[in-house]
Amino acid sequence: MNMPAPRSSAPLPTDMTALREAIDAIDGQLARLIAQRSGLARAIAEAKKAAGDSGFGWRPAREIDILRGLIAREPDLDPALAAAVWRALISANLAAQGGLDVVTTLEAAPWAKLAFGSASETRILSASEALMAAKQGARTIACLPWPTENESWWVDLLDVSLAGVHVCAASPQIVAHDAPASLLLAHRAPEASGGDISLLAGPKAALAGYQVHVLSQQG
């Protein structure tokens with residue numbers, strides 16, 4: 001595999017010892033920057049608490065905007081690696097601001113883990129239980145599999161008991177082709193981030209006028 005050349009004008013060292021020393025130096029810089037970022041996150045949490053702000057700290061539109069900006073500025077950066085690293089940093093930030101309650105099905109659990117890491121508690125529930133938990137929990141996010149013919153949880157969103165629960169993001173956030181593996185839902189209005197996909201659910205007659213790609217039909 002041909003690897004892209006680094007954009008830095010400085011020549012790379014050629015011997016193994018020098019290469020390892022260069023990596024060690026970068027690791028030290030990364031550690032310092034992560035520590036600084038964590039300190040800022042704690043300062044934000046303390047400032048919010050002092051101001052009486054106990055709201056929902058999850059901002060999926062900002063998160064994906066950060067990732068898109070990083071990938072656009074650093075074309076040599078692997079998108080999947082960038083998403084994994086920054087998701088871990090953002091999850092730690094959310095934990096410092098009070099944390100989240102993440103609920104998911106067994107099938108979608110790996111994608112919940114990818115989205116929120118170990119910084120937030122994750123509970124395994126049925127899809128219907130996860131949706132109700134998202135409805136009732138002020139800081140609850142449900143991670144459920146992408147809708148298919150075999151995944152009919154999305155029909156439950158038509159029930160008035162789940163009014164206000166919306167799809168707000170996906171996991172993984174960065175997808176090269178096809179669809180993401182899971183969707184993240186919460187009792188809040190979704191935020192526009194640009195490049196969004198609209199998911200419509202309803203009776204066939206009500207959707208007949210839309211030019212859509214059918215993901216799943218139930219009854």
# chains A, B, ... in the order shown; residues from 1 in each chain; ligands from 1
call {"tool": "residues_around", "arguments": {"residues": "range 36-42 of chain A", "least_positions_apart": "5", "cutoff": "8 Å", "atoms": "only C-alpha atoms", "output": "VMD selection string"}}
result
chain A and resid 92 to 93 96 to 97
call {"tool": "select_by_dssp", "arguments": {"residues": "range 86-116 of chain A", "states": "alpha helix (DSSP H)", "output": "PyMOL selection string"}}
result
chain A and resi 86-96+109-116
call {"tool": "closest_residue", "arguments": {"among": "A:Leu144, A:Ala47, A:Leu215, A:Cys168", "to": "Asp196 in chain A", "atoms": "only C-alpha atoms"}}
result
A:Cys168
call {"tool": "residues_around", "arguments": {"residues": "Arg188 in chain A", "least_positions_apart": "5", "cutoff": "9 Å", "atoms": "only C-alpha atoms", "output": "list of chain:residue names"}}
result
A:Lys135, A:Gly164, A:Val165, A:His166, A:Val167, A:Cys168
call {"tool": "write_last_selection", "arguments": {"atoms": "C-alpha atoms", "output": "mmCIF file, in the first residue's frame"}}
result
data_model
loop_
_atom_site.group_PDB
_atom_site.id
_atom_site.type_symbol
_atom_site.label_atom_id
_atom_site.label_comp_id
_atom_site.auth_asym_id
_atom_site.auth_seq_id
_atom_site.Cartn_x
_atom_site.Cartn_y
_atom_site.Cartn_z
ATOM 1 C CA LYS A 135 -38.691 9.421 26.344
ATOM 2 C CA GLY A 164 -40.867 14.172 21.085
ATOM 3 C CA VAL A 165 -38.382 11.313 20.658
ATOM 4 C CA HIS A 166 -36.319 11.955 17.532
ATOM 5 C CA VAL A 167 -33.354 10.580 15.666
ATOM 6 C CA CYS A 168 -30.532 13.020 16.438
#
call {"tool": "select_by_dssp", "arguments": {"residues": "range 44-143 of chain A", "states": "strand (DSSP E)", "output": "list in words"}}
result
Asp101, Val102, Val103, Thr104, Glu121, Thr122, Arg123, Ile124, Thr140, Ile141, Ala142 and Cys143 of chain A
call {"tool": "residues_around", "arguments": {"residues": "Ala138 in chain A", "least_positions_apart": "5", "cutoff": "12 Å", "atoms": "only C-alpha atoms", "output": "list in words"}}
result
Ser54, Gly55, Phe56, Gly57, Trp58, Gly98, Gly99, Leu100, Asp101, Val102, Met132, Ala133, Val165, Ala186, His187 and Arg188 of chain A
call {"tool": "write_last_selection", "arguments": {"atoms": "C-alpha atoms", "output": "PDB file, in the first residue's frame"}}
result
ATOM      1  CA  SER A  54     -28.225  21.452  34.245  1.00  0.00           C
ATOM      2  CA  GLY A  55     -29.384  20.935  30.666  1.00  0.00           C
ATOM      3  CA  PHE A  56     -28.655  18.196  28.187  1.00  0.00           C
ATOM      4  CA  GLY A  57     -24.964  18.602  27.275  1.00  0.00           C
ATOM      5  CA  TRP A  58     -25.084  16.364  24.199  1.00  0.00           C
ATOM      6  CA  GLY A  98     -22.902  15.245  34.330  1.00  0.00           C
ATOM      7  CA  GLY A  99     -22.769  12.242  32.054  1.00  0.00           C
ATOM      8  CA  LEU A 100     -25.343  10.477  29.914  1.00  0.00           C
ATOM      9  CA  ASP A 101     -27.518   7.417  30.334  1.00  0.00           C
ATOM     10  CA  VAL A 102     -27.034   5.326  27.185  1.00  0.00           C
ATOM     11  CA  MET A 132     -39.363   4.538  26.400  1.00  0.00           C
ATOM     12  CA  ALA A 133     -36.238   5.172  28.470  1.00  0.00           C
ATOM     13  CA  VAL A 165     -38.382  11.313  20.658  1.00  0.00           C
ATOM     14  CA  ALA A 186     -33.337  11.234  22.403  1.00  0.00           C
ATOM     15  CA  HIS A 187     -36.286  13.242  23.695  1.00  0.00           C
ATOM     16  CA  ARG A 188     -35.220  16.474  22.044  1.00  0.00           C
TER      17      ARG A 188
END
call {"tool": "residues_around", "arguments": {"residues": "Ser128 in chain A", "least_positions_apart": "2", "cutoff": "8 Å", "atoms": "only C-alpha atoms", "output": "list in words"}}
result
Ser126, Ala130, Leu131, Met132, Trp153 and Asp156 of chain A
call {"tool": "closest_residue", "arguments": {"among": "A:Asn150, A:Leu157, A:Gln173, A:Gly28", "to": "Leu199 in chain A", "atoms": "only C-alpha atoms"}}
result
A:Leu157
call {"tool": "residues_around", "arguments": {"residues": "range 66-70 of chain A", "least_positions_apart": "6", "cutoff": "9 Å", "atoms": "only C-alpha atoms", "output": "PyMOL selection string"}}
result
chain A and resi 77+79+82-83+86+173-174
call {"tool": "write_last_selection", "arguments": {"atoms": "N, CA, C and O atoms", "output": "mmCIF file, in the first residue's frame"}}
result
data_model
loop_
_atom_site.group_PDB
_atom_site.id
_atom_site.type_symbol
_atom_site.label_atom_id
_atom_site.label_comp_id
_atom_site.auth_asym_id
_atom_site.auth_seq_id
_atom_site.Cartn_x
_atom_site.Cartn_y
_atom_site.Cartn_z
ATOM 1 N N LEU A 77 -5.371 12.500 7.552
ATOM 2 C CA LEU A 77 -5.900 11.901 8.777
ATOM 3 C C LEU A 77 -6.962 10.871 8.437
ATOM 4 O O LEU A 77 -7.912 11.175 7.704
ATOM 5 N N PRO A 79 -10.216 9.058 8.604
ATOM 6 C CA PRO A 79 -11.497 9.498 9.185
ATOM 7 C C PRO A 79 -11.979 8.611 10.330
ATOM 8 O O PRO A 79 -12.479 9.112 11.335
ATOM 9 N N ALA A 82 -9.857 9.342 13.363
ATOM 10 C CA ALA A 82 -10.218 10.655 13.913
ATOM 11 C C ALA A 82 -11.521 10.565 14.695
ATOM 12 O O ALA A 82 -11.636 11.108 15.798
ATOM 13 N N ALA A 83 -12.512 9.867 14.131
ATOM 14 C CA ALA A 83 -13.805 9.747 14.802
ATOM 15 C C ALA A 83 -13.666 9.023 16.137
ATOM 16 O O ALA A 83 -14.252 9.425 17.140
ATOM 17 N N TRP A 86 -11.732 11.411 18.707
ATOM 18 C CA TRP A 86 -12.505 12.556 19.164
ATOM 19 C C TRP A 86 -13.786 12.143 19.867
ATOM 20 O O TRP A 86 -14.261 12.849 20.751
ATOM 21 N N GLN A 173 -20.329 7.923 13.157
ATOM 22 C CA GLN A 173 -20.644 9.240 12.616
ATOM 23 C C GLN A 173 -20.090 9.427 11.214
ATOM 24 O O GLN A 173 -20.683 10.138 10.397
ATOM 25 N N ILE A 174 -18.941 8.837 10.941
ATOM 26 C CA ILE A 174 -18.303 8.967 9.631
ATOM 27 C C ILE A 174 -18.468 7.655 8.879
ATOM 28 O O ILE A 174 -17.963 6.619 9.307
#
call {"tool": "atom_distance", "arguments": {"atom1": "CA of His177 in chain A", "atom2": "CA of Pro203 in chain A"}}
result
28.8 Å
